[in-house]
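Peer 1: File follows, protein13.cif with mmCIF, C-alpha atoms:
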```cif
data_entry
loop_
_atom_site.label_atom_id
_atom_site.label_comp_id
_atom_site.auth_asym_id
_atom_site.auth_seq_id
_atom_site.Cartn_x
_atom_site.Cartn_y
_atom_site.Cartn_z
CA MET A 74 7.52 2.09 11.00
CA ARG A 75 3.78 1.78 10.73
CA ILE A 76 2.46 0.97 7.26
CA SER A 77 -1.12 1.79 6.31
CA LEU A 78 -3.01 0.85 3.18
CA ILE A 79 -5.75 3.46 3.03
CA CYS A 80 -8.40 2.13 0.69
CA VAL A 81 -11.63 3.67 -0.51
CA GLY A 82 -14.56 1.31 -0.04
CA ARG A 83 -15.46 -1.50 2.28
CA LEU A 84 -14.98 -5.02 0.99
CA GLY A 85 -16.44 -6.85 3.98
CA SER A 86 -15.74 -10.57 3.64
CA ALA A 87 -15.09 -10.54 -0.10
CA PRO A 88 -12.27 -12.90 -1.15
CA GLU A 89 -10.04 -9.92 -2.03
CA ALA A 90 -10.51 -8.45 1.44
CA LEU A 91 -9.61 -11.73 3.13
CA LEU A 92 -6.51 -12.16 0.99
CA ALA A 93 -5.34 -8.57 1.54
CA ARG A 94 -5.82 -8.91 5.31
CA ASP A 95 -3.89 -12.18 5.28
CA TYR A 96 -0.93 -10.58 3.48
CA CYS A 97 -0.98 -7.65 5.92
CA ALA A 98 -0.99 -10.01 8.90
CA ARG A 99 1.94 -11.94 7.44
CA ALA A 100 3.82 -8.70 6.74
CA ALA A 101 3.20 -7.45 10.28
CA ALA A 102 4.36 -10.72 11.83
CA GLY A 103 7.55 -10.81 9.77
CA GLY A 104 8.11 -7.07 9.89
CA ARG A 105 8.14 -6.65 13.67
CA SER A 106 11.80 -7.62 13.99
CA LEU A 107 12.64 -5.38 11.02
CA GLY A 108 10.89 -2.29 12.36
CA LEU A 109 8.16 -2.61 9.71
CA ALA A 110 4.99 -3.12 11.71
CA PRO A 111 2.13 -2.83 12.20
CA VAL A 112 0.73 -3.21 8.70
CA GLU A 113 -2.92 -2.24 8.52
CA ILE A 114 -5.72 -1.75 6.05
CA ALA A 115 -7.78 1.35 6.72
CA GLU A 116 -11.03 1.39 4.76
CA VAL A 117 -12.54 4.81 4.24
CA GLU A 118 -15.83 5.88 2.77
CA ALA A 119 -17.05 9.34 2.11
CA ARG A 120 -19.96 10.98 0.45
CA GLY A 121 -19.32 13.74 -2.00
CA GLY A 122 -17.48 11.90 -4.75
CA LYS A 123 -13.74 12.02 -5.16
CA ALA A 124 -13.42 15.22 -3.10
CA GLY A 125 -15.11 13.53 -0.14
CA GLU A 126 -12.90 10.47 -0.57
CA ALA A 127 -9.85 12.75 -0.66
CA ALA A 128 -10.81 14.39 2.62
CA ALA A 129 -11.21 10.98 4.28
CA ILE A 130 -7.88 9.71 2.89
CA LEU A 131 -5.97 12.82 3.89
CA ALA A 132 -7.46 12.77 7.39
CA ARG A 133 -6.42 9.14 7.83
CA ALA A 134 -2.92 9.82 6.44
CA GLN A 135 -2.25 12.87 8.61
CA GLY A 136 1.36 12.82 9.82
CA ALA A 137 2.36 10.05 7.41
CA ARG A 138 4.41 10.09 4.24
CA LEU A 139 1.72 9.51 1.64
CA VAL A 140 2.19 7.38 -1.47
CA ALA A 141 -0.62 7.60 -4.02
CA CYS A 142 -1.33 4.44 -6.00
CA ASP A 143 -1.91 5.90 -9.44
CA GLU A 144 -1.66 4.62 -12.98
CA HIS A 145 0.65 7.53 -13.85
CA GLY A 146 3.09 6.69 -11.07
CA THR A 147 6.33 4.78 -11.15
CA ALA A 148 6.38 0.99 -11.11
CA HIS A 149 9.12 -0.63 -9.03
CA ALA A 150 10.54 -4.14 -9.14
CA SER A 151 10.01 -6.03 -5.87
CA ARG A 152 13.60 -5.61 -4.67
CA ALA A 153 13.47 -1.87 -5.41
CA PHE A 154 10.15 -1.58 -3.57
CA ALA A 155 11.69 -3.39 -0.58
CA ALA A 156 14.69 -1.07 -0.67
CA ARG A 157 12.36 1.97 -0.66
CA LEU A 158 10.56 0.66 2.44
CA ALA A 159 13.88 0.01 4.17
CA ALA A 160 15.17 3.48 3.26
CA ALA A 161 12.04 5.13 4.67
CA ARG A 162 12.42 3.14 7.87
CA ASP A 163 16.15 3.90 8.08
CA ASP A 164 15.44 7.61 7.59
CA GLY A 165 13.37 7.48 10.77
CA LEU A 166 9.94 7.64 9.14
CA ARG A 167 7.31 6.60 11.65
CA HIS A 168 4.31 6.16 9.36
CA LEU A 169 4.08 5.33 5.65
CA ALA A 170 0.62 5.42 4.10
CA PHE A 171 -0.42 4.17 0.67
CA ALA A 172 -3.70 5.45 -0.81
CA ILE A 173 -5.83 3.39 -3.16
CA GLY A 174 -8.80 5.25 -4.60
CA GLY A 175 -12.17 4.00 -5.65
CA ALA A 176 -13.34 3.14 -9.14
CA ASP A 177 -12.68 6.68 -10.37
CA GLY A 178 -9.16 6.91 -8.97
CA LEU A 179 -7.76 9.47 -6.58
CA ASP A 180 -8.72 13.11 -6.36
CA ALA A 181 -6.15 15.74 -7.37
CA ALA A 182 -5.84 16.80 -3.71
CA VAL A 183 -4.48 13.36 -2.77
CA LEU A 184 -2.14 13.28 -5.75
CA GLU A 185 -0.79 16.71 -4.82
CA ALA A 186 -0.34 15.77 -1.15
CA ALA A 187 1.49 12.56 -1.99
CA ALA A 188 5.27 12.40 -1.70
CA GLU A 189 5.27 9.98 -4.63
CA ARG A 190 3.03 7.96 -6.92
CA LEU A 191 3.20 4.19 -7.26
CA ALA A 192 1.90 2.31 -10.31
CA PHE A 193 1.09 -1.39 -10.61
CA GLY A 194 2.05 -1.40 -14.29
CA PRO A 195 0.28 -0.22 -17.42
CA GLN A 196 -2.81 -2.40 -16.97
CA THR A 197 -6.02 -1.22 -15.35
CA TRP A 198 -6.78 -3.10 -12.13
CA PRO A 199 -9.97 -3.16 -10.05
CA HIS A 200 -9.35 -1.33 -6.79
CA ALA A 201 -10.11 -4.50 -4.78
CA LEU A 202 -7.33 -6.35 -6.62
CA ALA A 203 -4.98 -3.38 -6.30
CA ARG A 204 -5.43 -3.69 -2.54
CA VAL A 205 -4.38 -7.34 -2.67
CA MET A 206 -1.44 -6.59 -4.95
CA LEU A 207 -0.15 -3.83 -2.67
CA ALA A 208 -0.55 -5.94 0.47
CA GLU A 209 1.32 -8.79 -1.25
CA GLN A 210 4.16 -6.49 -2.27
CA VAL A 211 4.51 -5.20 1.28
CA TYR A 212 4.66 -8.80 2.49
CA ARG A 213 7.16 -9.68 -0.24
CA ALA A 214 9.29 -6.66 0.73
CA VAL A 215 9.36 -7.86 4.33
CA THR A 216 10.46 -11.34 3.28
CA ILE A 217 13.16 -9.88 1.00
CA LEU A 218 14.45 -7.61 3.77
CA ALA A 219 14.43 -10.54 6.22
CA GLY A 220 16.74 -12.43 3.87
CA GLY A 221 14.17 -15.01 2.90
CA PRO A 222 14.47 -16.89 -0.38
CA TYR A 223 13.37 -14.93 -3.40
CA HIS A 224 12.61 -16.79 -6.60
CA ARG A 225 14.34 -14.17 -8.75
CA ASP A 226 17.75 -14.94 -7.21
#
```
Let me see the structure of the file written as structure tokens.
Peer 2:
Amino acid sequence: MRISLICVGRLGSAPEALLARDYCARAAAGGRSLGLAPVEIAEVEARGGKAGEAAAILARAQGARLVACDEHGTAHASRAFAARLAAARDDGLRHLAFAIGGADGLDAAVLEAAAERLAFGPQTWPHALARVMLAEQVYRAVTILAGGPYHRD
């Protein structure tokens, strides 16, 4: 199952971008044998405010099950998040896409198109850090599903 992190904005070589790419590379390497690869970051930019961003996100997510990262979504513990990825894979899903909006969040069109909404907790996070946090959780899910040690056990 292909996993995409569709993110509004280009971070270039910012520390957050490097860290997010590192977690995605680790997740892809570990996820190959589990059917959870590739793991990619797709940066999108659009003019026209949130509506333009929505069009770019939805175009990139075409054919995928879309998960909107939104403060009003549901937060999952790491094991539950891993189980959700495994269930999607086991159901035969070929592409799972997560959308992270820009500073103003996601447009209503993306929220409506999403199969579910994922929250990172009640705090407000900069979108660059949200990208890192999501990439890390995908990597953590892969390690959990691979049977690696998990500090909560």
Peer 1: Need the shell around Ala129 (chain A): protein/DNA/RNA residues with any atom at most 12 Å away, counting all atoms listed in the file. Skip same-chain ones fewer than 5 positions apart. Format as a list in words?
Peer 2: Ile79, Cys80, Val81, Gly82, Ala115, Glu116, Val117, Glu118, Ala119, Arg120, Gly121, Gly122, Lys123, Ala124, Ala134, Gln135, Ala172, Ile173, Gly174, Leu179, Asp180, Ala182 and Val183 of chain A
Peer 1: When you look at Pro111 (chain A) with a cut-off of 9 Å (counting all atoms listed in the file), what residues show up, excluding the ones that are within fewer than 5 positions of it in the same chain? I need them as an MDAnalysis selection string.
Peer 2: chainID A and resid 74:77 97:98 100:102 104:105
Peer 1: Go ahead and save the picked residues with C-alpha atoms, as a tab-separated table (two decimals), keeping the file's coordinate frame.
Peer 2:
```tsv
chain	number	residue	atom	x	y	z
A	74	MET	CA	7.52	2.09	11.00
A	75	ARG	CA	3.78	1.78	10.73
A	76	ILE	CA	2.46	0.97	7.26
A	77	SER	CA	-1.12	1.79	6.31
A	97	CYS	CA	-0.98	-7.65	5.92
A	98	ALA	CA	-0.99	-10.01	8.90
A	100	ALA	CA	3.82	-8.70	6.74
A	101	ALA	CA	3.20	-7.45	10.28
A	102	ALA	CA	4.36	-10.72	11.83
A	104	GLY	CA	8.11	-7.07	9.89
A	105	ARG	CA	8.14	-6.65	13.67
```
Peer 1: Under the rule that all atoms listed in the file are counted, which of A:Arg204, A:Ala181, A:Gln210, A:Gly221 is the nearest residue to Gly125 (chain A)?
Peer 2: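 Comparing A:Arg204, A:Ala181, A:Gln210, A:Gly221 against Gly125 (chain A), the winner is A:Ala181.
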Peer 1: Select, from A:Ala127, A:Val112, A:Val215, A:Ala87, the residue with the minimum atom-to-atom distance to Asp177 (chain A), counting only C-alpha atoms.
Peer 2: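 Of all the options, A:Ala127 lies closest to Asp177 (chain A).
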Peer 1: Let me make sure I understand: among A:Leu92, A:Ile217, A:Ala187, A:Ala141, which one has the smallest atom-to-atom distance to Phe171 (chain A) if we use all atoms listed in the file?
Peer 2: A:Ala141
Peer 1: From the list A:Ala155, A:Ala176, A:Ala219, A:Leu184, which residue is nearest Pro199 (chain A) when using all atoms listed in the file?
Peer 2: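 Between A:Ala155, A:Ala176, A:Ala219, A:Leu184, the residue approaching Pro199 (chain A) most closely is A:Ala176.
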Peer 1: When distances are computed from only C-alpha atoms, which of A:Ala110, A:Ala186, A:Leu84, A:Ala132 shows the smallest separation from Val211 (chain A)?
Peer 2: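 Among the listed residues, A:Ala110 lies closest to Val211 (chain A).
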Peer 1: Given only C-alpha atoms as the basis, pick out the residue of A:Phe193, A:Leu78, A:Ala214, A:Ala90 nearest to Arg152 (chain A).
Peer 2: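 Using only C-alpha atoms, the shortest distance to Arg152 (chain A) belongs to A:Ala214.
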Peer 1: Between CA of Gly136 (chain A) and CA of Leu218 (chain A), what is the distance, to one decimal in Å?
Peer 2: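 Computing the Euclidean distance for CA of Gly136 (chain A) and CA of Leu218 (chain A) yields 25.0 Å.
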Peer 1: Which centre and which edge lengths, in Å to one decimal, describe the axis-aligned box that holds all listed atoms of region 209-213 of chain A after 3 Å is added on each side, as JSON?
Peer 2:
```
{"center_x": 4.2, "center_y": -7.4, "center_z": 0.1, "size_x": 11.8, "size_y": 10.5, "size_z": 10.8}
```
